[in-house]
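Following: one structure in structure tokens, then a few remarks.
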Amino acid sequence: MEKIITWIIGKLPKSLQKLWSVHESIWMYIIVGGLTTVISLLFQMVPTAIFTELGLSSWINTFLSTTISWIASVTFAFFTNKVYVFKSKTTTRKAFWREFFMFYSARLVTYFLELLIMELGNHFFATVNNEIVTWRSLVIKIFAQVIILVVNYIFSKLVVFKNKETKQK
């Protein structure tokens with residue numbers, strides 16, 4: 001992924017290359033966040049459609065679909081943020097598991113925020129005749145992802161990968 005991004009950045013005008021280098025961490029977070037959002041959306045919409053066909057009630061459908069989506073996207077986000085965004089290199093298992101635990105703990109907070117947004121959004125916007133309308137649920141999911149992206153960046157920068165950045169200064 002880094003080689004592709006480096007190649008693309010190399011093709012940009014010098015002023016944009018400078019803008020990239022000054023804010024590389026933020027740009028990489030946006031790219032990784034976009035990919036994480038795609039994974040989250042896929043792992044939300046497919047189970048939602050399956051669970052709707054199985055006739056699960058709205059709140060069980062939302063809970064299960066959001067949970068599956070969260071596990072898949074947080075696992076992807078941990079490794080891509082560690083490697084590409086914050087360039088965190090852990091040399092011990094203890095350090096790795098500390099980051100892992102901190103990352104998942106922070107994401108758990110935003111998981112409950114996402115559940116709240118999804119439940120309220122599906123209840124008030126996406127449910128028609130006691131069934132979730134998939135495209136409407138997708139609109140709620142995209143809205144939730146924007147909020148979650150910002151909150152997760154703050155957690156990652158100020159809590160999870162803070163020690164690494166402090167050592168570099």
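Chain labels A, B, ... are given in the sequence in which chains occur in the structure tokens; within each chain residues are numbered consecutively from 1, and ligands are likewise numbered from 1 in the order shown.
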
List every residue of segment 62-134 of chain A that has an atom at most 8 Å from any atom of segment 43-54 of chain A, giving for each one its closest atom pair and the distance in Å to one decimal, counting only C-alpha atoms, sorted by chain and then by ascending residue number, as a tab-separated table.
residue	atom	partner	partner_atom	distance
A:Thr62	CA	A:Thr48	CA	7.1
A:Leu64	CA	A:Pro47	CA	7.9
A:Ser65	CA	A:Gln44	CA	5.1
A:Thr66	CA	A:Gln44	CA	5.8
A:Ile68	CA	A:Phe43	CA	6.4
A:Ser69	CA	A:Phe43	CA	4.5
A:Ala72	CA	A:Phe43	CA	7.2
A:Glu131	CA	A:Thr52	CA	7.3
A:Ile132	CA	A:Thr52	CA	7.4
A:Thr134	CA	A:Ala49	CA	6.9

Among the residues of chain A, find those DSSP assigns to strand (DSSP E) from the backbone and print them as a PyMOL selection string. chain A and resi 127-128+131-132

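For Tyr84 of chain A, the residues within 12 Å (counting only C-alpha atoms, excluding itself and residues fewer than 4 positions away along the chain) are Met1, Glu2, Lys3, Ile5, Glu24, Ser25, Ile26, Trp27, Met28, Tyr29, Ile30, Ile31, Val32, Gly33, Phe76, Ala77, Phe78, Phe79, Thr80, Ser88 and Lys89 of chain A.
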
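The nearest approach to Tyr104 of chain A among the residues A:Thr75, A:Asn81, A:Thr92, A:Asn129, with only C-alpha atoms taken into account, belongs to A:Thr75.
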
Residue list (helix (DSSP H, G or I), DSSP) for segment 53-118 of chain A, as a PyMOL selection string: chain A and resi 53+58-85+93-118

Any chance you can output those residues with C-alpha atoms as a CSV table (one decimal), in the first residue's frame?
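Output (again35.csv):
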chain,number,residue,atom,x,y,z
A,53,GLU,CA,-34.7,-12.4,5.2
A,58,SER,CA,-35.4,-5.1,14.0
A,59,TRP,CA,-33.4,-4.6,17.2
A,60,ILE,CA,-31.7,-8.0,17.1
A,61,ASN,CA,-30.9,-7.5,13.4
A,62,THR,CA,-29.3,-4.1,14.2
A,63,PHE,CA,-27.4,-5.4,17.2
A,64,LEU,CA,-26.0,-8.5,15.4
A,65,SER,CA,-25.2,-6.7,12.1
A,66,THR,CA,-23.5,-3.8,13.9
A,67,THR,CA,-21.5,-6.2,16.1
A,68,ILE,CA,-20.3,-8.2,13.1
A,69,SER,CA,-19.4,-5.0,11.3
A,70,TRP,CA,-17.5,-3.6,14.4
A,71,ILE,CA,-15.4,-6.8,14.9
A,72,ALA,CA,-14.3,-6.9,11.2
A,73,SER,CA,-13.6,-3.2,10.9
A,74,VAL,CA,-11.8,-2.7,14.2
A,75,THR,CA,-9.5,-5.7,13.5
A,76,PHE,CA,-8.7,-4.2,10.1
A,77,ALA,CA,-8.3,-0.7,11.5
A,78,PHE,CA,-5.9,-1.8,14.3
A,79,PHE,CA,-3.4,-3.3,12.0
A,80,THR,CA,-3.6,-0.7,9.3
A,81,ASN,CA,-3.4,2.2,11.8
A,82,LYS,CA,-0.5,0.6,13.6
A,83,VAL,CA,1.5,0.0,10.4
A,84,TYR,CA,0.5,2.8,8.0
A,85,VAL,CA,-0.9,5.7,10.0
A,93,ARG,CA,4.6,-8.9,23.1
A,94,LYS,CA,3.7,-6.8,26.1
A,95,ALA,CA,3.9,-3.6,24.1
A,96,PHE,CA,1.9,-5.1,21.2
A,97,TRP,CA,-0.9,-6.3,23.5
A,98,ARG,CA,-0.9,-3.0,25.3
A,99,GLU,CA,-1.6,-1.2,22.0
A,100,PHE,CA,-4.1,-3.9,21.0
A,101,PHE,CA,-6.0,-3.6,24.3
A,102,MET,CA,-6.0,0.2,24.3
A,103,PHE,CA,-7.1,0.3,20.6
A,104,TYR,CA,-10.0,-2.1,21.2
A,105,SER,CA,-11.0,-0.4,24.5
A,106,ALA,CA,-11.2,3.0,22.7
A,107,ARG,CA,-13.1,1.4,19.8
A,108,LEU,CA,-15.4,-0.2,22.3
A,109,VAL,CA,-16.5,3.2,23.5
A,110,THR,CA,-17.3,4.2,19.9
A,111,TYR,CA,-19.0,0.9,19.3
A,112,PHE,CA,-21.6,1.8,21.8
A,113,LEU,CA,-21.9,5.2,20.3
A,114,GLU,CA,-22.4,3.6,16.9
A,115,LEU,CA,-25.0,1.2,18.3
A,116,LEU,CA,-26.9,4.2,19.7
A,117,ILE,CA,-26.8,6.0,16.4
A,118,MET,CA,-27.8,2.9,14.4

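Atom CA of Ile9 of chain A is positioned 23.7 Å from atom CA of Lys157 of chain A.
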
Straight-line distance linking atom CA of Gln145 of chain A with atom CA of Phe125 of chain A, stated in Å to one decimal: 16.5 Å

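Computed from the coordinates, the atom CA of Lys87 of chain A to atom CA of Ser40 of chain A distance equals 22.7 Å.
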
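Checking A:Ile4, A:Leu149, A:Val160, A:Val128 one by one against Gly34 of chain A, counting only C-alpha atoms, you find the shortest gap at A:Leu149.
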